[in-house]
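**Student:** Structure: data37.txt, compact mmCIF, C-alpha atoms and all ligand atoms.
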# COMPACT_ATOMS: atom_id res chain seq x y z
CA MET A 29 -4.14 -5.73 25.16
CA THR A 30 -7.38 -3.77 25.53
CA ASP A 31 -7.80 -1.94 22.25
CA THR A 32 -10.64 -2.89 19.96
CA ILE A 33 -9.63 -2.26 16.38
CA GLY A 34 -11.87 -1.03 13.59
CA TRP A 35 -10.39 -1.95 10.21
CA ILE A 36 -11.64 -0.28 7.03
CA GLY A 37 -10.50 -1.56 3.64
CA LEU A 38 -10.22 -5.24 2.82
CA GLY A 39 -8.24 -5.35 -0.41
CA ASN A 40 -5.08 -7.29 -1.22
CA MET A 41 -3.26 -5.72 1.73
CA GLY A 42 -6.09 -5.06 4.16
CA ILE A 43 -7.20 -8.69 4.46
CA PRO A 44 -3.83 -10.20 5.49
CA MET A 45 -2.99 -7.24 7.73
CA ALA A 46 -6.33 -7.38 9.55
CA LYS A 47 -5.94 -11.15 9.86
CA ASN A 48 -2.63 -10.70 11.69
CA LEU A 49 -4.29 -8.44 14.27
CA LEU A 50 -7.07 -10.97 14.73
CA GLU A 51 -4.58 -13.78 15.17
CA ALA A 52 -2.64 -11.65 17.66
CA GLY A 53 -5.77 -11.60 19.83
CA TYR A 54 -7.20 -8.15 19.11
CA THR A 55 -10.94 -7.74 18.97
CA LEU A 56 -11.55 -6.70 15.38
CA ASN A 57 -14.44 -4.89 13.72
CA VAL A 58 -14.21 -4.72 9.95
CA TYR A 59 -15.90 -2.66 7.26
CA ASN A 60 -15.47 -2.77 3.50
CA ARG A 61 -17.40 -1.15 0.67
CA THR A 62 -17.80 -4.63 -0.81
CA ALA A 63 -18.94 -6.46 2.31
CA SER A 64 -18.41 -9.96 0.85
CA LYS A 65 -14.63 -9.51 1.10
CA ALA A 66 -14.95 -9.69 4.88
CA GLU A 67 -16.10 -13.30 4.79
CA SER A 68 -12.80 -15.02 5.64
CA LEU A 69 -12.15 -12.62 8.52
CA VAL A 70 -15.67 -13.02 9.88
CA ASN A 71 -15.20 -16.79 9.77
CA GLN A 72 -12.12 -16.27 11.93
CA GLY A 73 -13.94 -14.16 14.51
CA ALA A 74 -14.02 -10.57 13.22
CA ALA A 75 -17.28 -8.66 13.53
CA LEU A 76 -18.61 -7.16 10.29
CA ALA A 77 -19.90 -3.61 10.85
CA ASN A 78 -22.87 -2.56 8.72
CA SER A 79 -21.71 1.05 8.63
CA ILE A 80 -18.70 3.18 9.45
CA GLN A 81 -20.81 4.66 12.26
CA ASP A 82 -21.26 1.20 13.82
CA LEU A 83 -17.57 0.39 13.38
CA CYS A 84 -16.52 3.63 15.11
CA ALA A 85 -18.91 3.21 17.99
CA GLU A 86 -17.36 -0.18 18.79
CA SER A 87 -13.65 0.61 18.21
CA ASP A 88 -10.88 2.44 20.10
CA VAL A 89 -8.50 2.60 17.14
CA VAL A 90 -9.60 2.90 13.50
CA ILE A 91 -7.24 1.85 10.68
CA THR A 92 -7.88 2.64 7.01
CA MET A 93 -6.24 0.72 4.14
CA LEU A 94 -7.83 1.99 0.92
CA SER A 95 -6.70 2.42 -2.65
CA ASP A 96 -5.96 6.14 -3.06
CA ASP A 97 -6.43 9.74 -1.91
CA GLN A 98 -9.90 10.02 -3.33
CA ALA A 99 -11.11 6.85 -1.63
CA VAL A 100 -9.57 7.88 1.70
CA LYS A 101 -10.96 11.43 1.60
CA GLY A 102 -14.36 10.10 0.58
CA LEU A 103 -14.32 7.70 3.48
CA PHE A 104 -13.31 10.36 6.01
CA LEU A 105 -15.57 13.11 4.71
CA GLY A 106 -18.41 11.50 2.79
CA GLU A 107 -21.93 11.15 4.03
CA GLY A 108 -21.82 8.82 7.03
CA GLY A 109 -18.02 9.05 6.82
CA LEU A 110 -15.47 8.61 9.55
CA LEU A 111 -15.35 12.22 10.70
CA ASN A 112 -19.11 12.35 11.16
CA CYS A 113 -18.85 9.45 13.60
CA PRO A 114 -18.04 9.34 17.32
CA VAL A 115 -14.23 9.60 16.96
CA ASP A 116 -13.49 12.06 19.77
CA GLY A 117 -10.27 10.91 21.51
CA LYS A 118 -9.83 7.94 19.19
CA LEU A 119 -6.71 7.15 17.23
CA ILE A 120 -7.19 7.02 13.45
CA ILE A 121 -4.34 5.51 11.44
CA ASN A 122 -4.28 5.78 7.66
CA MET A 123 -2.04 3.06 6.20
CA SER A 124 -3.04 3.66 2.55
CA THR A 125 -0.47 5.34 0.29
CA VAL A 126 -1.59 8.94 -0.28
CA ALA A 127 0.00 12.31 -0.99
CA PRO A 128 1.72 14.03 1.95
CA LYS A 129 -0.71 16.92 1.38
CA THR A 130 -3.66 14.57 1.88
CA SER A 131 -2.13 13.42 5.15
CA TYR A 132 -1.81 17.02 6.44
CA GLU A 133 -5.43 17.64 5.53
CA LEU A 134 -6.57 14.48 7.26
CA GLU A 135 -4.61 15.41 10.39
CA GLU A 136 -6.21 18.86 10.48
CA MET A 137 -9.69 17.44 9.97
CA CYS A 138 -9.15 14.84 12.69
CA LYS A 139 -7.94 17.51 15.13
CA ALA A 140 -11.05 19.55 14.41
CA VAL A 141 -13.27 16.72 15.66
CA GLY A 142 -11.03 15.77 18.58
CA ALA A 143 -9.52 12.62 17.01
CA ARG A 144 -5.81 11.74 16.95
CA PHE A 145 -4.30 11.00 13.53
CA LEU A 146 -1.27 9.07 12.36
CA GLU A 147 -0.16 8.30 8.80
CA ALA A 148 1.50 4.91 8.45
CA PRO A 149 1.90 3.72 4.85
CA VAL A 150 3.77 0.48 4.39
CA SER A 151 6.62 -0.87 2.32
CA GLY A 152 6.20 -4.51 1.33
CA SER A 153 3.52 -6.34 -0.59
CA VAL A 154 1.09 -9.16 0.09
CA LYS A 155 3.64 -11.79 1.23
CA PRO A 156 5.24 -9.50 3.85
CA ALA A 157 1.72 -8.45 4.85
CA GLU A 158 0.81 -12.12 5.40
CA ASP A 159 4.05 -12.73 7.28
CA GLY A 160 3.68 -9.65 9.50
CA ALA A 161 6.93 -8.43 7.97
CA LEU A 162 6.00 -5.04 6.51
CA ILE A 163 8.07 -1.91 7.03
CA ILE A 164 5.83 0.76 8.52
CA LEU A 165 6.59 4.39 7.70
CA ALA A 166 4.86 6.56 10.27
CA GLY A 167 4.44 10.32 10.43
CA GLY A 168 2.58 12.33 13.04
CA ASP A 169 2.61 13.07 16.72
CA GLU A 170 5.18 10.83 18.41
CA ASP A 171 2.77 9.94 21.22
CA ASN A 172 0.34 8.62 18.62
CA PHE A 173 3.12 6.55 17.10
CA ARG A 174 4.02 5.10 20.53
CA ALA A 175 0.35 4.26 21.09
CA ALA A 176 0.20 2.45 17.74
CA GLN A 177 3.48 0.58 18.14
CA PRO A 178 2.04 -2.58 19.74
CA LEU A 179 -0.22 -2.91 16.68
CA PHE A 180 2.62 -2.20 14.29
CA GLU A 181 4.65 -4.97 15.92
CA LYS A 182 1.99 -7.43 14.76
CA LEU A 183 1.89 -6.02 11.23
CA GLY A 184 5.53 -5.35 10.48
CA LYS A 185 9.10 -6.33 11.16
CA LEU A 186 10.07 -2.68 11.50
CA SER A 187 8.17 0.50 12.26
CA PHE A 188 9.80 3.89 11.77
CA TRP A 189 8.64 7.15 13.24
CA LEU A 190 9.94 9.56 10.60
CA GLY A 191 8.68 12.88 11.99
CA SER A 192 5.58 14.95 11.53
CA VAL A 193 2.69 14.04 9.24
CA GLY A 194 3.84 13.97 5.61
CA ALA A 195 7.19 12.35 6.39
CA GLY A 196 5.79 8.82 6.24
CA SER A 197 4.05 9.46 2.91
CA SER A 198 7.18 11.09 1.48
CA ALA A 199 9.31 8.08 2.45
CA LYS A 200 6.72 5.76 0.94
CA LEU A 201 6.72 7.61 -2.39
CA ALA A 202 10.52 7.49 -2.42
CA ILE A 203 10.74 3.72 -1.85
CA ASN A 204 8.09 3.08 -4.48
CA TYR A 205 10.07 5.15 -6.97
CA PHE A 206 12.92 2.73 -6.41
CA LEU A 207 10.52 -0.20 -6.80
CA ALA A 208 9.25 1.18 -10.12
CA LEU A 209 12.78 1.75 -11.40
CA THR A 210 13.90 -1.74 -10.35
CA LEU A 211 10.96 -3.53 -11.98
CA GLU A 212 11.22 -1.52 -15.16
CA GLY A 213 14.97 -2.23 -15.21
CA LEU A 214 14.40 -5.94 -14.70
CA ALA A 215 11.76 -6.05 -17.42
CA GLU A 216 13.90 -4.17 -19.94
CA THR A 217 16.94 -6.36 -19.14
CA VAL A 218 15.03 -9.58 -19.70
CA LEU A 219 13.46 -8.30 -22.93
CA PHE A 220 16.79 -7.01 -24.26
CA ALA A 221 18.38 -10.39 -23.59
CA LYS A 222 15.44 -12.22 -25.20
CA LYS A 223 15.72 -10.08 -28.30
CA ASN A 224 19.27 -11.38 -28.65
CA GLY A 225 18.39 -15.02 -28.21
CA ILE A 226 18.82 -15.44 -24.43
CA LYS A 227 15.95 -17.26 -22.72
CA ALA A 228 14.15 -15.35 -19.97
CA ASP A 229 14.84 -17.96 -17.30
CA ASP A 230 18.56 -18.01 -18.17
CA MET A 231 18.74 -14.23 -17.95
CA LEU A 232 16.84 -14.19 -14.68
CA ARG A 233 19.24 -16.75 -13.26
CA ILE A 234 22.17 -14.52 -14.26
CA VAL A 235 20.47 -11.61 -12.48
CA ASN A 236 19.52 -13.56 -9.39
CA GLU A 237 22.87 -15.31 -8.87
CA GLY A 238 24.83 -12.08 -9.22
CA ALA A 239 25.15 -8.76 -7.44
CA CYS A 240 22.10 -7.37 -9.26
CA GLY A 241 19.86 -10.05 -7.76
CA SER A 242 17.65 -9.07 -4.83
CA PRO A 243 14.68 -10.44 -2.90
CA LEU A 244 12.56 -8.41 -5.34
CA THR A 245 14.07 -9.84 -8.55
CA LYS A 246 13.78 -13.34 -7.06
CA LEU A 247 10.18 -12.72 -6.01
CA LYS A 248 9.16 -11.67 -9.53
CA THR A 249 11.08 -14.39 -11.41
CA SER A 250 8.42 -17.10 -11.51
CA ALA A 251 5.74 -14.65 -12.73
CA ILE A 252 8.01 -13.42 -15.53
CA VAL A 253 8.82 -16.95 -16.64
CA ALA A 254 5.16 -17.96 -16.53
CA GLY A 255 3.99 -14.70 -18.12
CA ASP A 256 1.20 -14.58 -15.54
CA PHE A 257 0.75 -11.58 -13.24
CA PRO A 258 -2.05 -11.93 -10.67
CA ALA A 259 -2.06 -8.72 -8.62
CA ALA A 260 -0.17 -8.52 -5.38
CA PHE A 261 0.49 -4.83 -5.95
CA ALA A 262 -1.78 -3.71 -8.77
CA LEU A 263 -0.08 -1.75 -11.55
CA LYS A 264 -2.73 1.00 -11.23
CA HIS A 265 -1.47 1.72 -7.70
CA MET A 266 2.07 2.20 -9.03
CA VAL A 267 0.71 4.67 -11.58
CA LYS A 268 -0.87 6.54 -8.67
CA ASP A 269 2.33 6.48 -6.60
CA LEU A 270 4.48 7.76 -9.48
CA ARG A 271 1.96 10.53 -10.13
CA LEU A 272 2.09 11.48 -6.44
CA ALA A 273 5.91 11.43 -6.52
CA ARG A 274 5.87 13.78 -9.51
CA GLU A 275 3.43 16.07 -7.70
CA GLN A 276 5.79 15.96 -4.73
CA GLY A 277 8.62 17.31 -6.86
CA ILE A 278 10.57 14.36 -8.23
CA ASP A 279 12.12 15.60 -11.49
CA PHE A 280 15.12 13.38 -12.19
CA PRO A 281 15.77 12.35 -15.81
CA LEU A 282 14.05 8.97 -15.43
CA ALA A 283 11.07 10.12 -13.40
CA GLN A 284 8.86 11.38 -16.21
CA PRO A 285 9.42 8.55 -18.73
CA LEU A 286 9.01 6.03 -15.92
CA ALA A 287 5.67 7.48 -14.83
CA GLU A 288 4.50 7.72 -18.44
CA THR A 289 5.46 4.12 -19.20
CA TYR A 290 3.50 2.71 -16.28
CA LYS A 291 0.57 4.98 -17.20
CA LYS A 292 0.60 3.72 -20.79
CA ALA A 293 0.62 0.13 -19.52
CA MET A 294 -2.44 0.93 -17.40
CA ASP A 295 -4.14 2.55 -20.38
CA LYS A 296 -3.54 -0.67 -22.32
CA GLY A 297 -5.65 -2.51 -19.77
CA LEU A 298 -2.94 -3.81 -17.40
CA GLY A 299 -3.97 -1.72 -14.36
CA GLU A 300 -5.53 -4.59 -12.42
CA GLU A 301 -2.57 -6.92 -13.01
CA ASP A 302 0.49 -7.05 -10.82
CA VAL A 303 2.95 -4.20 -11.33
CA MET A 304 5.39 -6.70 -12.90
CA ALA A 305 3.02 -6.80 -15.90
CA ILE A 306 4.96 -3.74 -17.03
CA ILE A 307 6.98 -6.35 -18.96
CA THR A 308 3.85 -7.33 -20.92
CA TYR A 309 3.46 -3.74 -22.04
CA LEU A 310 7.16 -3.28 -22.89
CA GLU A 311 7.10 -6.45 -24.97
CA THR A 312 4.48 -4.89 -27.26
CA LEU A 313 6.67 -1.89 -28.12
P1 LIG A 401 -6.75 -3.01 -3.36
O1 LIG A 401 -6.57 -4.46 -3.32
O2 LIG A 401 -7.02 -2.34 -4.65
O3 LIG A 401 -7.92 -2.64 -2.32
C1 LIG A 401 -8.41 -1.33 -2.24
C2 LIG A 401 -9.37 -1.18 -1.07
O4 LIG A 401 -9.89 0.16 -1.10
C3 LIG A 401 -10.58 -2.12 -1.14
O5 LIG A 401 -10.97 -2.43 0.18
C4 LIG A 401 -11.64 -1.23 -1.80
O6 LIG A 401 -12.96 -1.60 -1.53
C5 LIG A 401 -11.34 0.09 -1.15
N1 LIG A 401 -11.83 1.21 -1.92
C6 LIG A 401 -11.40 1.64 -3.14
N2 LIG A 401 -12.09 2.72 -3.52
C7 LIG A 401 -12.98 2.99 -2.54
C8 LIG A 401 -13.98 3.98 -2.34
N3 LIG A 401 -14.18 4.94 -3.25
N4 LIG A 401 -14.69 3.95 -1.19
C9 LIG A 401 -14.48 3.00 -0.26
N5 LIG A 401 -13.56 2.02 -0.38
C10 LIG A 401 -12.82 2.03 -1.51
O7 LIG A 401 -5.49 -2.23 -2.76
P2 LIG A 401 -4.30 -2.82 -1.86
O8 LIG A 401 -3.34 -3.51 -2.75
O9 LIG A 401 -4.88 -3.51 -0.68
O10 LIG A 401 -3.60 -1.44 -1.43
C11 LIG A 401 -4.17 -0.59 -0.44
C12 LIG A 401 -3.25 0.61 -0.26
O11 LIG A 401 -1.94 0.16 0.14
C13 LIG A 401 -3.00 1.43 -1.55
O12 LIG A 401 -2.88 2.77 -1.21
C14 LIG A 401 -1.69 0.88 -2.09
O13 LIG A 401 -1.01 1.85 -2.87
C15 LIG A 401 -0.97 0.59 -0.79
N6 LIG A 401 0.03 -0.50 -0.86
C16 LIG A 401 -0.24 -1.65 -1.54
C17 LIG A 401 0.71 -2.66 -1.57
C18 LIG A 401 0.49 -3.95 -2.32
O14 LIG A 401 1.47 -4.66 -2.56
N7 LIG A 401 -0.73 -4.31 -2.71
C19 LIG A 401 1.92 -2.50 -0.90
C20 LIG A 401 2.14 -1.33 -0.18
C21 LIG A 401 1.18 -0.33 -0.16
P3 LIG A 401 -13.72 -2.69 -2.45
O15 LIG A 401 -13.26 -4.02 -1.94
O16 LIG A 401 -15.14 -2.42 -2.24
O17 LIG A 401 -13.27 -2.44 -3.88
Kindly transcribe the structure held in the file into structure tokens.
Ligand code: NAP

**Tutor:**
Amino acid sequence: MTDTIGWIGLGNMGIPMAKNLLEAGYTLNVYNRTASKAESLVNQGAALANSIQDLCAESDVVITMLSDDQAVKGLFLGEGGLLNCPVDGKLIINMSTVAPKTSYELEEMCKAVGARFLEAPVSGSVKPAEDGALIILAGGDEDNFRAAQPLFEKLGKLSFWLGSVGAGSSAKLAINYFLALTLEGLAETVLFAKKNGIKADDMLRIVNEGACGSPLTKLKTSAIVAGDFPAAFALKHMVKDLRLAREQGIDFPLAQPLAETYKKAMDKGLGEEDVMAIITYLETL
């Protein structure tokens, strides 16, 4: 293993993912807008870059894991941004969830400065990120995917090459639509039962012991019972993903009310809580 990795974006996902690469033996340079979030990784041996320029100069592969399209574009294009750095011949992998259109644009911009680009958003939240058990949804040149595969093996249990750039983002928006539907369905089911005198933990047991139960419903059970939703996947990111899915053409009967419901929950101040806090919003209706 010779690659030195430059990791940009140390949020809920970025920290455990970067940690897995460090523990796998990669030399890791990290950069985050809020530098203090790098502390645990630096204590484990990562080098904190003072600028994106410094990170690029020292890294063969650069991975970005940021909140949304705006943050990613700003980081690539802004003053002192990635594409103004020495990236010629380097592989840049964006693992943030963004619109397929943003991925095409990033690929074109990377090509223009001689860099190789791969999109690789992930399915799975913080626990799979910690366990190196994400599902990685890659789109781009197949050679770039093959080059990234050794890294993906440390981050995920499965990495898919889905085709050209845009395919990975499209698959990611599709799986998150299912996630949004499932969590909304779970929340409404529990609240409907409660309204008719059934305790939440009894209803959740009925769900989890039966055919409707899934790793997801089981994962969210303790938070629902406790009524406490510290963010693994922040609700604001689901609002973003549903908006991107709508922009990408999803127009099924549930798509619009689903997107609007999560948006209203965010507007009520639940954006920084875990996506399961949708139940807190629904309970107020
Ligand atoms: P997060 O905890 O909100 O972290 C966001 C990261 O983006 C932080 O490092 C933040 O820097 C950085 N950032 C935000 N705006 C920025 C800007 N304008 N300029 C520079 N940096 C900026 O997000 P996350 O949960 O790690 O998710 C990251 C991506 O993965 C998102 O696209 C999300 O949709 C996707 N995703 C998340 C999950 C999940 O379960 N959490 C699962 C699958 C996919 P600061 O630290 O300075 O704020």

**Student:** Need to verify the contact set: Ser187 (chain A), 8 Å, all atoms listed in the file, exclusion of same-chain residues closer than 3 positions in sequence. Can you return it as a list in words?

**Tutor:**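 The residues satisfying every condition are Ile163, Ile164, Leu165, Ala166, Gln177, Phe180, Glu181 and Gly184 of chain A.
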
**Student:** Let me see if you get this right: every residue at most 9 Å from ligand LIG 401 (chain A), counting all atoms listed in the file, written as a PyMOL selection string.

**Tutor:** chain A and resi 36-43+59-65+92-103+123-126+149-157+162+200+204+259-262+264-266+268-269+300+302-303

**Student:** Which is closest to Pro114 (chain A) among A:Leu50, A:Leu282, A:Met137, A:Ala85, if we use only C-alpha atoms?

**Tutor:**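 Checking each of A:Leu50, A:Leu282, A:Met137, A:Ala85 against Pro114 (chain A), counting only C-alpha atoms, the winner is A:Ala85.
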
**Student:** Using all atoms listed in the file and a cutoff of 12 Å, can you tell me which residues are near (11.6, 4.7, -6.9) in the file's coordinates, and write them out as a tab-separated table (two decimals) with C-alpha atoms, keeping the file's coordinate frame?

**Tutor:**
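Once written, selection_4.tsv looks like this:
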chain	number	residue	atom	x	y	z
A	151	SER	CA	6.62	-0.87	2.32
A	198	SER	CA	7.18	11.09	1.48
A	199	ALA	CA	9.31	8.08	2.45
A	200	LYS	CA	6.72	5.76	0.94
A	201	LEU	CA	6.72	7.61	-2.39
A	202	ALA	CA	10.52	7.49	-2.42
A	203	ILE	CA	10.74	3.72	-1.85
A	204	ASN	CA	8.09	3.08	-4.48
A	205	TYR	CA	10.07	5.15	-6.97
A	206	PHE	CA	12.92	2.73	-6.41
A	207	LEU	CA	10.52	-0.20	-6.80
A	208	ALA	CA	9.25	1.18	-10.12
A	209	LEU	CA	12.78	1.75	-11.40
A	210	THR	CA	13.90	-1.74	-10.35
A	211	LEU	CA	10.96	-3.53	-11.98
A	212	GLU	CA	11.22	-1.52	-15.16
A	213	GLY	CA	14.97	-2.23	-15.21
A	266	MET	CA	2.07	2.20	-9.03
A	267	VAL	CA	0.71	4.67	-11.58
A	269	ASP	CA	2.33	6.48	-6.60
A	270	LEU	CA	4.48	7.76	-9.48
A	271	ARG	CA	1.96	10.53	-10.13
A	272	LEU	CA	2.09	11.48	-6.44
A	273	ALA	CA	5.91	11.43	-6.52
A	274	ARG	CA	5.87	13.78	-9.51
A	278	ILE	CA	10.57	14.36	-8.23
A	279	ASP	CA	12.12	15.60	-11.49
A	280	PHE	CA	15.12	13.38	-12.19
A	282	LEU	CA	14.05	8.97	-15.43
A	283	ALA	CA	11.07	10.12	-13.40
A	284	GLN	CA	8.86	11.38	-16.21
A	286	LEU	CA	9.01	6.03	-15.92
A	287	ALA	CA	5.67	7.48	-14.83

**Student:** Give the answer as one residue: which of A:Asn236, A:Asn122, A:Ser79, A:Ser131 has the shortest atom-to-atom distance to Glu107 (chain A), using all atoms listed in the file?

**Tutor:**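 Ranked by minimum distance to Glu107 (chain A), first place goes to A:Ser79.
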
**Student:** Using all atoms listed in the file, which of A:Gly191, A:Pro128, A:Gly142, A:Gly255 sits nearest Val115 (chain A)?

**Tutor:**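 Selected residue with least distance to Val115 (chain A): A:Gly142.
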
**Student:** One decimal, Å: what's the distance from CA of Lys292 (chain A) over to CA of Ala221 (chain A), could you say?

**Tutor:** 22.9 Å

**Student:** Excluding Val141 (chain A) and its own-chain neighbours fewer than 4 positions away, which residues fall within 12 Å of it when counting all atoms listed in the file? Please give them as a CSV table (one decimal) with C-alpha atoms, in the frame of the given file.

**Tutor:**
chain,number,residue,atom,x,y,z
A,104,PHE,CA,-13.3,10.4,6.0
A,105,LEU,CA,-15.6,13.1,4.7
A,110,LEU,CA,-15.5,8.6,9.6
A,111,LEU,CA,-15.4,12.2,10.7
A,112,ASN,CA,-19.1,12.4,11.2
A,113,CYS,CA,-18.8,9.4,13.6
A,114,PRO,CA,-18.0,9.3,17.3
A,115,VAL,CA,-14.2,9.6,17.0
A,116,ASP,CA,-13.5,12.1,19.8
A,117,GLY,CA,-10.3,10.9,21.5
A,118,LYS,CA,-9.8,7.9,19.2
A,119,LEU,CA,-6.7,7.2,17.2
A,120,ILE,CA,-7.2,7.0,13.4
A,134,LEU,CA,-6.6,14.5,7.3
A,135,GLU,CA,-4.6,15.4,10.4
A,136,GLU,CA,-6.2,18.9,10.5
A,137,MET,CA,-9.7,17.4,10.0
A,145,PHE,CA,-4.3,11.0,13.5

**Student:** May I ask which of the residues A:Lys227, A:Lys246, A:Arg233, A:Lys296 is the closest one to Leu263 (chain A), counting only C-alpha atoms?

**Tutor:**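 Result for the nearest residue to Leu263 (chain A): A:Lys296.
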